[in-house]
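my_file-v1.csv follows (CSV, C-alpha atoms):
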```csv
chain,number,residue,atom,x,y,z
A,269,MET,CA,85.6,86.5,66.6
A,270,ASN,CA,82.6,85.9,68.9
A,271,LEU,CA,80.7,88.0,71.4
A,272,GLU,CA,82.6,86.7,74.4
A,273,GLU,CA,86.0,87.8,72.9
A,274,SER,CA,84.6,91.3,72.1
A,275,TYR,CA,84.7,94.6,74.0
A,276,ILE,CA,81.0,94.3,74.7
A,277,VAL,CA,80.4,94.5,78.5
A,278,GLN,CA,76.7,94.9,78.8
A,279,GLU,CA,73.5,93.7,77.1
A,280,ILE,CA,70.3,95.9,77.5
A,281,ILE,CA,67.0,94.2,77.0
A,282,ASP,CA,64.7,97.3,77.3
A,283,PRO,CA,64.4,99.2,74.0
A,284,THR,CA,63.9,102.7,75.6
A,285,GLU,CA,66.9,102.2,77.9
A,286,SER,CA,69.0,100.9,75.0
A,287,LEU,CA,68.2,104.1,73.0
A,288,LYS,CA,69.0,106.4,75.9
A,289,GLN,CA,72.3,104.7,76.8
A,290,ALA,CA,73.5,104.5,73.2
A,291,PHE,CA,72.5,108.1,72.2
A,292,ARG,CA,74.2,109.5,75.3
A,293,ARG,CA,77.4,108.2,73.7
A,294,HIS,CA,76.5,109.7,70.3
A,295,ALA,CA,77.5,113.3,69.8
A,296,SER,CA,75.3,115.6,67.7
A,297,GLY,CA,75.7,119.1,66.2
A,298,VAL,CA,73.3,121.6,67.8
A,299,CYS,CA,71.0,123.8,65.6
A,300,VAL,CA,68.1,126.2,66.2
A,301,ILE,CA,65.2,125.9,63.8
A,302,THR,CA,62.9,129.0,63.4
A,303,LEU,CA,59.7,129.6,61.5
A,304,ASN,CA,56.6,131.8,61.7
A,305,ASP,CA,53.2,130.6,63.0
A,306,ALA,CA,49.9,131.2,61.1
A,307,ALA,CA,49.6,134.7,62.8
A,308,GLY,CA,53.1,135.6,61.7
A,309,SER,CA,54.7,135.4,65.1
A,310,PRO,CA,58.2,133.9,65.5
A,311,VAL,CA,58.5,130.3,66.7
A,312,GLY,CA,61.7,128.3,67.2
A,313,PHE,CA,63.4,125.4,69.1
A,314,THR,CA,66.8,123.8,69.7
A,315,ALA,CA,67.3,120.6,67.6
A,316,THR,CA,70.1,118.0,67.6
A,317,SER,CA,68.6,115.9,64.8
A,318,VAL,CA,69.5,118.0,61.7
A,319,THR,CA,71.1,115.9,59.1
A,320,SER,CA,71.8,116.2,55.3
A,321,LEU,CA,69.8,114.0,53.0
A,322,GLY,CA,71.1,114.7,49.6
A,323,SER,CA,72.9,117.4,47.6
A,324,GLU,CA,71.2,117.4,44.2
A,325,PRO,CA,68.6,118.7,44.9
A,326,ALA,CA,69.8,120.0,48.3
A,327,LEU,CA,67.8,118.2,51.0
A,328,ALA,CA,67.9,117.9,54.8
A,329,THR,CA,65.8,116.3,57.5
A,330,PHE,CA,65.1,116.8,61.2
A,331,ASN,CA,62.9,115.1,63.8
A,332,VAL,CA,60.4,116.6,66.2
A,333,ALA,CA,58.0,115.5,68.9
A,334,ARG,CA,54.4,116.4,67.9
A,335,GLY,CA,53.7,117.4,71.5
A,336,ALA,CA,56.3,120.2,71.3
A,337,SER,CA,55.1,123.9,71.6
A,338,SER,CA,56.4,124.5,68.0
A,339,TRP,CA,54.5,121.7,66.4
A,340,PRO,CA,51.2,123.6,65.5
A,341,ALA,CA,53.3,126.1,63.6
A,342,LEU,CA,55.6,123.5,62.1
A,343,SER,CA,52.6,121.3,60.9
A,344,SER,CA,51.6,124.0,58.4
A,345,ALA,CA,54.7,126.2,57.8
A,346,GLU,CA,56.0,126.7,54.3
A,347,PHE,CA,59.5,127.8,55.2
A,348,VAL,CA,61.9,127.2,58.1
A,349,ALA,CA,65.4,128.4,58.9
A,350,ILE,CA,68.0,125.9,60.1
A,351,GLN,CA,70.8,127.6,62.1
A,352,MET,CA,74.0,125.9,63.0
A,353,LEU,CA,75.1,127.0,66.5
A,354,ASN,CA,78.6,127.7,67.8
A,355,GLU,CA,80.4,128.2,71.1
A,356,GLY,CA,79.1,131.7,71.2
A,357,SER,CA,75.5,130.5,71.1
A,358,LEU,CA,75.5,128.3,74.2
A,359,GLU,CA,72.9,130.6,75.9
A,360,LEU,CA,70.8,130.6,72.8
A,361,ALA,CA,70.8,126.8,72.7
A,362,LYS,CA,69.5,126.8,76.3
A,363,LYS,CA,67.0,129.6,75.8
A,364,MET,CA,65.5,127.8,72.8
A,365,SER,CA,64.9,124.6,74.7
A,366,GLN,CA,63.3,126.3,77.8
A,367,ASP,CA,60.1,128.4,78.3
A,368,HIS,CA,58.8,129.0,74.8
A,369,THR,CA,57.2,132.3,75.6
A,370,LYS,CA,60.7,133.8,76.3
A,371,ARG,CA,62.5,132.7,73.1
A,372,PHE,CA,62.2,135.9,71.1
A,373,LEU,CA,62.3,138.6,73.8
A,374,ASP,CA,65.9,139.6,73.3
A,375,ASP,CA,67.4,141.8,70.5
A,376,ASP,CA,69.5,138.9,69.2
A,377,TRP,CA,67.6,138.1,65.9
A,378,PHE,CA,66.6,139.8,62.7
A,379,VAL,CA,64.0,139.2,60.0
A,380,GLU,CA,65.2,137.6,56.7
A,381,PRO,CA,63.9,140.0,54.0
A,382,THR,CA,62.6,137.4,51.5
A,383,THR,CA,60.9,134.8,53.7
A,384,LYS,CA,60.3,136.9,56.8
A,385,LEU,CA,61.9,134.1,58.9
A,386,PRO,CA,63.4,135.1,62.2
A,387,ILE,CA,67.2,134.5,62.2
A,388,PHE,CA,69.5,134.6,65.2
A,389,ASN,CA,72.6,136.7,65.0
A,390,GLN,CA,75.1,134.4,66.9
A,391,VAL,CA,75.2,131.3,64.6
A,392,ASN,CA,77.8,129.7,62.2
A,393,ALA,CA,75.5,129.2,59.2
A,394,VAL,CA,71.8,129.5,58.2
A,395,LEU,CA,69.9,127.4,55.7
A,396,ILE,CA,66.7,128.9,54.4
A,397,CYS,CA,64.5,125.9,53.6
A,398,LYS,CA,61.1,125.0,52.1
A,399,VAL,CA,59.2,122.2,53.9
A,400,ARG,CA,58.7,119.4,51.5
A,401,GLU,CA,57.4,116.3,53.4
A,402,ARG,CA,56.2,115.6,57.0
A,403,HIS,CA,56.1,111.9,58.0
A,404,GLU,CA,54.3,111.3,61.3
A,405,VAL,CA,55.6,108.3,63.2
A,406,GLU,CA,53.9,107.6,66.6
A,407,ALA,CA,54.1,110.8,68.6
A,408,ASN,CA,56.9,112.2,66.5
A,409,ALA,CA,57.5,113.5,62.9
A,410,VAL,CA,60.3,113.4,60.4
A,411,ILE,CA,60.5,116.7,58.4
A,412,VAL,CA,62.1,116.7,55.0
A,413,VAL,CA,63.1,120.2,53.7
A,414,GLU,CA,64.6,121.5,50.5
A,415,ILE,CA,67.3,124.1,50.8
A,416,VAL,CA,66.6,127.5,49.1
A,417,SER,CA,69.7,129.5,50.0
A,418,GLY,CA,72.2,130.0,52.7
A,419,LEU,CA,73.9,132.6,55.0
A,420,LEU,CA,77.4,132.3,56.5
A,421,ALA,CA,78.5,134.2,59.6
A,422,GLU,CA,81.9,134.6,61.2
A,423,GLU,CA,82.8,131.1,62.2
A,424,LEU,CA,83.5,130.0,65.8
A,425,PRO,CA,83.9,126.3,67.0
A,426,SER,CA,80.7,124.4,66.5
A,427,LEU,CA,78.4,123.5,69.4
A,428,LEU,CA,77.8,119.8,70.1
A,429,TYR,CA,75.5,117.9,72.4
A,430,HIS,CA,77.1,114.9,74.1
A,431,HIS,CA,76.5,113.0,77.3
A,432,ARG,CA,73.6,115.5,78.1
A,433,GLY,CA,75.9,118.5,78.0
A,434,TYR,CA,77.3,121.0,75.5
A,435,VAL,CA,80.9,120.6,74.1
A,436,VAL,CA,83.0,121.9,71.2
A,437,PRO,CA,85.1,119.8,68.8
A,438,GLY,CA,88.4,118.6,70.1
A,439,GLU,CA,91.5,117.0,68.7
A,440,ARG,CA,91.5,116.1,65.0
A,441,GLN,CA,92.1,112.4,64.3
A,442,SER,CA,92.8,112.5,60.6
B,156,MET,CA,68.4,144.2,64.9
B,157,ASN,CA,68.7,143.9,61.2
B,158,LEU,CA,70.8,141.9,58.7
B,159,GLU,CA,73.4,144.6,58.3
B,160,GLU,CA,74.1,144.7,62.1
B,161,SER,CA,74.5,140.9,62.3
B,162,TYR,CA,77.5,138.6,62.2
B,163,ILE,CA,76.4,137.4,58.7
B,164,VAL,CA,79.3,137.9,56.3
B,165,GLN,CA,78.1,136.0,53.1
B,166,GLU,CA,74.9,135.2,51.3
B,167,ILE,CA,74.9,132.0,49.1
B,168,ILE,CA,72.3,131.8,46.3
B,169,ASP,CA,73.0,128.3,45.1
B,170,PRO,CA,71.1,125.6,47.2
B,171,THR,CA,73.7,122.9,46.8
B,172,GLU,CA,76.6,125.2,47.7
B,173,SER,CA,74.5,126.5,50.7
B,174,LEU,CA,74.0,122.9,51.9
B,175,LYS,CA,77.7,122.0,51.5
B,176,GLN,CA,79.0,125.1,53.3
B,177,ALA,CA,76.5,124.9,56.2
B,178,PHE,CA,77.0,121.2,56.8
B,179,ARG,CA,80.8,121.5,56.8
B,180,ARG,CA,80.3,123.7,59.9
B,181,HIS,CA,77.9,121.1,61.4
B,182,ALA,CA,79.5,118.3,63.4
B,183,SER,CA,77.9,114.8,63.4
B,184,GLY,CA,78.4,111.6,65.4
B,185,VAL,CA,79.8,108.7,63.3
B,186,CYS,CA,78.1,105.3,63.2
B,187,VAL,CA,78.5,102.2,61.2
B,188,ILE,CA,75.2,100.5,60.1
B,189,THR,CA,75.3,96.7,59.3
B,190,LEU,CA,72.8,94.2,58.0
B,191,ASN,CA,72.6,91.0,55.9
B,192,ASP,CA,71.7,90.9,52.3
B,193,ALA,CA,69.1,88.5,50.9
B,194,ALA,CA,71.8,85.8,50.5
B,195,GLY,CA,72.8,86.2,54.2
B,196,SER,CA,76.1,88.0,53.4
B,197,PRO,CA,77.2,90.9,55.7
B,198,VAL,CA,76.7,94.5,54.3
B,199,GLY,CA,77.5,97.8,56.0
B,200,PHE,CA,78.5,101.4,55.7
B,201,THR,CA,79.6,104.5,57.6
B,202,ALA,CA,76.7,106.9,58.4
B,203,THR,CA,76.8,110.4,59.9
B,204,SER,CA,73.0,110.8,59.8
B,205,VAL,CA,71.9,108.7,62.7
B,206,THR,CA,69.5,110.5,65.0
B,207,SER,CA,67.0,109.7,67.7
B,208,LEU,CA,63.3,110.1,66.8
B,209,GLY,CA,61.4,109.2,70.0
B,210,SER,CA,61.8,107.2,73.2
B,211,GLU,CA,58.3,105.5,73.7
B,212,PRO,CA,58.4,103.5,71.5
B,213,ALA,CA,62.2,103.8,70.9
B,214,LEU,CA,62.7,105.1,67.4
B,215,ALA,CA,65.7,106.3,65.3
B,216,THR,CA,66.2,107.5,61.8
B,217,PHE,CA,69.1,107.6,59.3
B,218,ASN,CA,69.5,108.8,55.7
B,219,VAL,CA,71.0,107.0,52.7
B,220,ALA,CA,71.7,107.5,49.0
B,221,ARG,CA,69.8,104.9,47.0
B,222,GLY,CA,72.8,104.7,44.6
B,223,ALA,CA,75.0,103.3,47.5
B,224,SER,CA,76.3,99.7,47.4
B,225,SER,CA,74.3,98.8,50.5
B,226,TRP,CA,70.9,100.0,49.1
B,227,PRO,CA,69.7,96.7,47.5
B,228,ALA,CA,70.2,94.9,50.9
B,229,LEU,CA,68.8,97.9,52.9
B,230,SER,CA,65.7,98.1,50.7
B,231,SER,CA,64.5,94.7,51.9
B,232,ALA,CA,66.3,94.0,55.3
B,233,GLU,CA,64.2,93.3,58.3
B,234,PHE,CA,66.9,94.2,60.9
B,235,VAL,CA,69.9,96.5,61.0
B,236,ALA,CA,72.5,97.2,63.7
B,237,ILE,CA,73.4,100.9,64.4
B,238,GLN,CA,76.9,101.1,66.0
B,239,MET,CA,78.3,104.3,67.6
B,240,LEU,CA,82.0,104.6,66.8
B,241,ASN,CA,84.8,105.9,69.1
B,242,GLU,CA,88.4,107.1,68.7
B,243,GLY,CA,89.5,103.5,68.5
B,244,SER,CA,87.3,102.9,65.4
B,245,LEU,CA,88.8,105.6,63.1
B,246,GLU,CA,90.1,103.0,60.7
B,247,LEU,CA,86.8,101.2,60.8
B,248,ALA,CA,85.0,104.4,59.8
B,249,LYS,CA,87.3,104.8,56.8
B,250,LYS,CA,87.1,101.1,55.8
B,251,MET,CA,83.3,101.2,55.9
B,252,SER,CA,83.2,104.2,53.5
B,253,GLN,CA,85.6,102.8,51.0
B,254,ASP,CA,85.7,99.7,48.7
B,255,HIS,CA,82.6,97.7,49.7
B,256,THR,CA,84.1,94.3,48.8
B,257,LYS,CA,86.8,94.8,51.6
B,258,ARG,CA,84.5,95.7,54.5
B,259,PHE,CA,84.2,92.3,56.2
B,260,LEU,CA,87.6,90.7,55.4
B,261,ASP,CA,89.2,91.4,58.9
B,262,ASP,CA,88.5,89.5,62.1
B,263,ASP,CA,87.1,92.6,63.8
B,264,TRP,CA,83.4,91.5,63.9
B,265,PHE,CA,81.1,88.8,65.3
B,266,VAL,CA,77.6,87.6,64.6
B,267,GLU,CA,74.8,88.7,67.1
B,268,PRO,CA,73.2,85.4,68.1
B,269,THR,CA,69.5,86.4,67.8
B,270,THR,CA,69.3,88.4,64.6
B,271,LYS,CA,72.5,87.1,62.9
B,272,LEU,CA,73.6,90.7,62.3
B,273,PRO,CA,77.3,91.4,61.9
B,274,ILE,CA,78.6,93.6,64.8
B,275,PHE,CA,82.0,95.3,65.0
B,276,ASN,CA,84.1,94.9,68.1
B,277,GLN,CA,85.5,98.4,68.4
B,278,VAL,CA,82.5,100.5,69.0
B,279,ASN,CA,80.9,102.4,72.0
B,280,ALA,CA,77.4,101.1,71.7
B,281,VAL,CA,75.1,98.9,69.4
B,282,LEU,CA,71.4,99.3,68.7
B,283,ILE,CA,69.7,96.2,67.3
B,284,CYS,CA,66.8,97.7,65.2
B,285,LYS,CA,63.8,96.5,63.2
B,286,VAL,CA,63.2,98.5,60.0
B,287,ARG,CA,59.8,100.2,60.2
B,288,GLU,CA,59.5,102.7,57.4
B,289,ARG,CA,61.4,103.6,54.2
B,290,HIS,CA,60.6,107.0,52.6
B,291,GLU,CA,62.2,107.6,49.2
B,292,VAL,CA,63.0,111.2,48.5
B,293,GLU,CA,64.6,111.9,45.1
B,294,ALA,CA,67.7,109.7,44.9
B,295,ASN,CA,67.8,109.2,48.7
B,296,ALA,CA,65.8,107.5,51.4
B,297,VAL,CA,64.9,108.2,55.0
B,298,ILE,CA,64.9,105.0,57.1
B,299,VAL,CA,62.9,104.8,60.3
B,300,VAL,CA,63.8,102.0,62.7
B,301,GLU,CA,62.5,100.7,66.0
B,302,ILE,CA,65.0,99.7,68.6
B,303,VAL,CA,64.8,96.1,69.8
B,304,SER,CA,67.8,95.9,72.3
B,305,GLY,CA,71.2,97.3,72.9
B,306,LEU,CA,74.8,96.4,73.6
B,307,LEU,CA,77.3,98.6,75.4
B,308,ALA,CA,81.1,98.3,75.1
B,309,GLU,CA,84.0,99.8,77.0
B,310,GLU,CA,83.6,103.5,76.3
B,311,LEU,CA,86.2,105.6,74.6
B,312,PRO,CA,85.8,109.3,73.3
B,313,SER,CA,83.1,109.4,70.6
B,314,LEU,CA,84.1,109.8,66.9
B,315,LEU,CA,82.7,112.9,65.1
B,316,TYR,CA,82.8,114.1,61.6
B,317,HIS,CA,83.4,117.8,61.1
B,318,HIS,CA,84.9,120.0,58.3
B,319,ARG,CA,85.4,116.8,56.3
B,320,GLY,CA,87.6,115.1,58.9
B,321,TYR,CA,87.4,113.0,62.0
B,322,VAL,CA,87.6,114.6,65.5
B,323,VAL,CA,86.7,113.7,69.1
B,324,PRO,CA,84.7,115.9,71.6
B,325,GLY,CA,86.7,118.7,73.2
B,326,GLU,CA,86.1,121.1,76.1
B,327,ARG,CA,82.8,120.9,78.0
B,328,GLN,CA,80.8,124.2,77.8
B,329,SER,CA,78.2,123.6,80.5
```
Using structure tokens, write down the structure that the file contains.
Amino acid sequence: MNLEESYIVQEIIDPTESLKQAFRRHASGVCVITLNDAAGSPVGFTATSVTSLGSEPALATFNVARGASSWPALSSAEFVAIQMLNEGSLELAKKMSQDHTKRFLDDDWFVEPTTKLPIFNQVNAVLICKVRERHEVEANAVIVVEIVSGLLAEELPSLLYHHRGYVVPGERQS
Amino acid sequence: MNLEESYIVQEIIDPTESLKQAFRRHASGVCVITLNDAAGSPVGFTATSVTSLGSEPALATFNVARGASSWPALSSAEFVAIQMLNEGSLELAKKMSQDHTKRFLDDDWFVEPTTKLPIFNQVNAVLICKVRERHEVEANAVIVVEIVSGLLAEELPSLLYHHRGYVVPGERQS
């Protein structure tokens, strides 16, 4: 077939507008990533970029803006905790993407005994990870981590980000 | 609070098992990525690792196994097309993750005039991208691309991968 016969209805010339329009139509799982800063204080943020890289060894990646409040801690941290959110952690997802001084004020997290990482209570799963590589690209960075161990909680429907809002998974297709 | 008071019900010691269990609970948007090999033949695969990296300049990343059939082409390609799938492209998602010799036999794709990239008809959005960086990590690679332009099609509910099956977005939470 050719372009004229296809379902394509619009061409976008501007790269930034192309990215925004396409990713609005792309749904992502929502995570919170936590760590400690150099002084040992808890730091964390909501991330929709967590993805698996390989299973032997167990590797994952996520992307961050180097202008974010968590970047100074992340640029030197040895360990991070990736936490998969669920429909019960909607308020947590919002809190961890707003004022960074208010993210650890509530009694909704505990300290993981081995790594001392802050872990939120209301999540589906936790991956304790060692930071392995940081690749700076323009004003951003790609972080590669190796999984150390995991924690599973009582499972609720996963939290997703889609069309600039939060949703849960719907009808199964196959 | 402490670990004993939390919703955590299981600790997993093995890193690979931790990764598998946690990512089963993590939903991902489903894309197809296409390119041409050195001989100009179309190559492509289903990817659940596509994520935005930054908007100025417009950047995205995806992860691949270097043992995959598409890797030889991907290791030298200048351009790739990232295509966001929808509920109408369920069979395409399956086809592009199975026998690689059968992925371009149907009349369901066209050639993008400028880059000559193969583009599938039944998708929500297309990002024409220039490959910018390839970071090899163990048997895998992280690919960083810069967006050149975009195509939007008639929009249907996005296709997601969750608990090893395909789903569409469900109820909006906020």
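CA of Ala421 (chain A) is found 29.4 Å from CA of Leu208 (chain B).
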Next item on the list: Can you work out the spacing between CA of Leu260 (chain B) and CA of Tyr275 (chain A) in Å, to one decimal?
Entry: 19.2 Å
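Comparing the minimum interatomic distances between chain A and each of B:Glu301, B:Asp192, B:Glu233, B:Asp254, counting all atoms listed in the file, we find that B:Glu301 sits nearest.
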Kindly provide, as a compact mmCIF listing (two decimals) with C-alpha atoms, in the frame of the given file, the residues of chain A having any atom no farther than 6 Å from an atom of chain B, counting all atoms listed in the file.
```
# COMPACT_ATOMS: atom_id res chain seq x y z
CA MET A 269 85.60 86.50 66.60
CA ASN A 270 82.60 85.90 68.90
CA SER A 274 84.60 91.30 72.10
CA TYR A 275 84.70 94.60 74.00
CA ILE A 276 81.00 94.30 74.70
CA VAL A 277 80.40 94.50 78.50
CA GLN A 278 76.70 94.90 78.80
CA GLU A 279 73.50 93.70 77.10
CA ILE A 280 70.30 95.90 77.50
CA ILE A 281 67.00 94.20 77.00
CA PRO A 283 64.40 99.20 74.00
CA THR A 284 63.90 102.70 75.60
CA SER A 286 69.00 100.90 75.00
CA ALA A 290 73.50 104.50 73.20
CA HIS A 294 76.50 109.70 70.30
CA ALA A 295 77.50 113.30 69.80
CA SER A 296 75.30 115.60 67.70
CA GLY A 297 75.70 119.10 66.20
CA SER A 317 68.60 115.90 64.80
CA THR A 319 71.10 115.90 59.10
CA LEU A 321 69.80 114.00 53.00
CA SER A 323 72.90 117.40 47.60
CA ALA A 326 69.80 120.00 48.30
CA ASN A 331 62.90 115.10 63.80
CA PHE A 378 66.60 139.80 62.70
CA ASN A 389 72.60 136.70 65.00
CA ALA A 393 75.50 129.20 59.20
CA ILE A 415 67.30 124.10 50.80
CA VAL A 416 66.60 127.50 49.10
CA SER A 417 69.70 129.50 50.00
CA GLY A 418 72.20 130.00 52.70
CA LEU A 419 73.90 132.60 55.00
CA LEU A 420 77.40 132.30 56.50
CA ALA A 421 78.50 134.20 59.60
CA TYR A 434 77.30 121.00 75.50
CA VAL A 435 80.90 120.60 74.10
CA VAL A 436 83.00 121.90 71.20
CA PRO A 437 85.10 119.80 68.80
CA GLY A 438 88.40 118.60 70.10
CA GLU A 439 91.50 117.00 68.70
CA ARG A 440 91.50 116.10 65.00
CA GLN A 441 92.10 112.40 64.30
CA SER A 442 92.80 112.50 60.60
```
Please, can I see chain A fitted onto chain B by all in-order Cα atoms (least squares), as a compact mmCIF listing (two decimals) with C-alpha atoms, keeping the file's coordinate frame?
```txt
# COMPACT_ATOMS: atom_id res chain seq x y z
CA MET A 269 68.40 144.16 64.94
CA ASN A 270 68.70 143.91 61.13
CA LEU A 271 70.83 141.89 58.76
CA GLU A 272 73.42 144.60 58.27
CA GLU A 273 74.14 144.79 62.08
CA SER A 274 74.48 140.96 62.28
CA TYR A 275 77.49 138.64 62.13
CA ILE A 276 76.38 137.42 58.73
CA VAL A 277 79.23 137.93 56.19
CA GLN A 278 78.10 136.01 53.19
CA GLU A 279 74.89 135.20 51.30
CA ILE A 280 74.86 131.98 49.09
CA ILE A 281 72.33 131.85 46.33
CA ASP A 282 72.99 128.23 45.11
CA PRO A 283 71.09 125.64 47.18
CA THR A 284 73.71 122.81 46.77
CA GLU A 285 76.56 125.15 47.75
CA SER A 286 74.56 126.48 50.70
CA LEU A 287 74.06 122.87 51.97
CA LYS A 288 77.72 121.97 51.57
CA GLN A 289 79.05 125.13 53.26
CA ALA A 290 76.60 124.94 56.17
CA PHE A 291 77.00 121.15 56.83
CA ARG A 292 80.79 121.47 56.80
CA ARG A 293 80.27 123.62 59.90
CA HIS A 294 77.87 121.08 61.45
CA ALA A 295 79.49 118.30 63.42
CA SER A 296 77.93 114.82 63.42
CA GLY A 297 78.47 111.62 65.44
CA VAL A 298 79.85 108.80 63.28
CA CYS A 299 78.13 105.33 63.22
CA VAL A 300 78.46 102.13 61.19
CA ILE A 301 75.22 100.49 60.15
CA THR A 302 75.33 96.70 59.32
CA LEU A 303 72.75 94.29 57.99
CA ASN A 304 72.60 91.07 55.97
CA ASP A 305 71.68 90.91 52.25
CA ALA A 306 69.07 88.45 50.84
CA ALA A 307 71.85 85.73 50.53
CA GLY A 308 72.84 86.24 54.14
CA SER A 309 76.11 87.97 53.47
CA PRO A 310 77.22 90.92 55.65
CA VAL A 311 76.69 94.45 54.32
CA GLY A 312 77.53 97.72 56.08
CA PHE A 313 78.45 101.44 55.65
CA THR A 314 79.63 104.48 57.61
CA ALA A 315 76.75 106.93 58.38
CA THR A 316 76.76 110.42 59.95
CA SER A 317 72.98 110.86 59.80
CA VAL A 318 71.83 108.68 62.76
CA THR A 319 69.50 110.55 64.95
CA SER A 320 66.91 109.66 67.69
CA LEU A 321 63.27 110.09 66.83
CA GLY A 322 61.43 109.22 69.93
CA SER A 323 61.80 107.20 73.14
CA GLU A 324 58.39 105.60 73.69
CA PRO A 325 58.44 103.49 71.56
CA ALA A 326 62.22 103.76 70.94
CA LEU A 327 62.73 105.09 67.41
CA ALA A 328 65.65 106.34 65.30
CA THR A 329 66.20 107.45 61.73
CA PHE A 330 69.07 107.63 59.25
CA ASN A 331 69.46 108.76 55.63
CA VAL A 332 70.99 106.95 52.69
CA ALA A 333 71.64 107.50 49.01
CA ARG A 334 69.75 104.88 46.94
CA GLY A 335 72.76 104.60 44.63
CA ALA A 336 74.93 103.30 47.50
CA SER A 337 76.31 99.66 47.31
CA SER A 338 74.27 98.83 50.49
CA TRP A 339 70.96 99.99 49.17
CA PRO A 340 69.72 96.66 47.53
CA ALA A 341 70.20 94.97 50.88
CA LEU A 342 68.81 97.86 52.89
CA SER A 343 65.63 98.12 50.63
CA SER A 344 64.43 94.73 51.90
CA ALA A 345 66.23 94.07 55.24
CA GLU A 346 64.21 93.34 58.34
CA PHE A 347 66.87 94.18 60.89
CA VAL A 348 69.91 96.49 61.03
CA ALA A 349 72.53 97.21 63.66
CA ILE A 350 73.45 100.82 64.43
CA GLN A 351 76.96 101.10 65.96
CA MET A 352 78.25 104.21 67.57
CA LEU A 353 81.97 104.63 66.77
CA ASN A 354 84.77 105.91 69.00
CA GLU A 355 88.36 107.10 68.72
CA GLY A 356 89.45 103.54 68.50
CA SER A 357 87.34 102.94 65.40
CA LEU A 358 88.82 105.61 63.13
CA GLU A 359 90.11 102.89 60.70
CA LEU A 360 86.78 101.19 60.76
CA ALA A 361 85.01 104.43 59.87
CA LYS A 362 87.32 104.75 56.83
CA LYS A 363 87.13 101.10 55.83
CA MET A 364 83.33 101.24 55.86
CA SER A 365 83.16 104.19 53.53
CA GLN A 366 85.71 102.79 50.96
CA ASP A 367 85.71 99.68 48.67
CA HIS A 368 82.66 97.72 49.73
CA THR A 369 84.10 94.37 48.84
CA LYS A 370 86.78 94.81 51.60
CA ARG A 371 84.50 95.76 54.53
CA PHE A 372 84.21 92.38 56.21
CA LEU A 373 87.60 90.77 55.46
CA ASP A 374 89.14 91.39 58.84
CA ASP A 375 88.52 89.47 62.13
CA ASP A 376 87.08 92.57 63.80
CA TRP A 377 83.31 91.59 63.93
CA PHE A 378 81.12 88.89 65.34
CA VAL A 379 77.63 87.57 64.63
CA GLU A 380 74.80 88.66 67.02
CA PRO A 381 73.18 85.35 68.09
CA THR A 382 69.50 86.38 67.80
CA THR A 383 69.38 88.41 64.58
CA LYS A 384 72.53 87.11 62.90
CA LEU A 385 73.61 90.75 62.30
CA PRO A 386 77.30 91.38 61.91
CA ILE A 387 78.61 93.59 64.77
CA PHE A 388 81.99 95.27 64.95
CA ASN A 389 84.06 94.80 68.04
CA GLN A 390 85.58 98.36 68.40
CA VAL A 391 82.42 100.50 68.98
CA ASN A 392 80.89 102.44 71.98
CA ALA A 393 77.33 101.10 71.70
CA VAL A 394 75.13 98.94 69.39
CA LEU A 395 71.42 99.28 68.75
CA ILE A 396 69.73 96.24 67.31
CA CYS A 397 66.84 97.64 65.27
CA LYS A 398 63.84 96.53 63.18
CA VAL A 399 63.23 98.54 59.98
CA ARG A 400 59.87 100.13 60.21
CA GLU A 401 59.46 102.69 57.35
CA ARG A 402 61.50 103.65 54.23
CA HIS A 403 60.60 107.04 52.67
CA GLU A 404 62.20 107.58 49.26
CA VAL A 405 62.92 111.21 48.48
CA GLU A 406 64.59 111.90 45.07
CA ALA A 407 67.69 109.73 44.91
CA ASN A 408 67.81 109.25 48.65
CA ALA A 409 65.78 107.51 51.45
CA VAL A 410 64.92 108.22 55.04
CA ILE A 411 64.89 104.97 57.13
CA VAL A 412 62.86 104.84 60.29
CA VAL A 413 63.80 101.95 62.68
CA GLU A 414 62.47 100.70 65.97
CA ILE A 415 64.98 99.74 68.59
CA VAL A 416 64.86 96.08 69.83
CA SER A 417 67.75 95.97 72.29
CA GLY A 418 71.16 97.32 72.89
CA LEU A 419 74.84 96.41 73.61
CA LEU A 420 77.36 98.60 75.48
CA ALA A 421 81.12 98.23 75.10
CA GLU A 422 83.98 99.80 77.01
CA GLU A 423 83.59 103.46 76.29
CA LEU A 424 86.25 105.61 74.57
CA PRO A 425 85.72 109.27 73.30
CA SER A 426 83.14 109.36 70.56
CA LEU A 427 84.09 109.83 66.90
CA LEU A 428 82.74 112.92 65.12
CA TYR A 429 82.77 114.10 61.54
CA HIS A 430 83.44 117.82 61.11
CA HIS A 431 84.89 119.98 58.38
CA ARG A 432 85.43 116.74 56.26
CA GLY A 433 87.64 115.16 58.89
CA TYR A 434 87.35 113.01 62.02
CA VAL A 435 87.56 114.61 65.55
CA VAL A 436 86.72 113.70 69.15
CA PRO A 437 84.75 115.85 71.63
CA GLY A 438 86.62 118.67 73.22
CA GLU A 439 86.09 121.08 76.06
CA ARG A 440 82.75 120.93 77.89
CA GLN A 441 80.80 124.21 77.83
CA SER A 442 78.20 123.51 80.47
```
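Closest to Gly312 (chain A) among A:Met364, A:Trp339, A:Ser357, A:Ala345 is A:Met364, based on all atoms listed in the file.
Atom pair CA of Gly308 (chain A) / CA of Glu404 (chain A): separated by 24.3 Å.
With distances taken over all atoms listed in the file, A:Pro386 is the one residue among A:Pro340, A:Gly356, A:Gly335, A:Pro386 lying closest to Arg371 (chain A).
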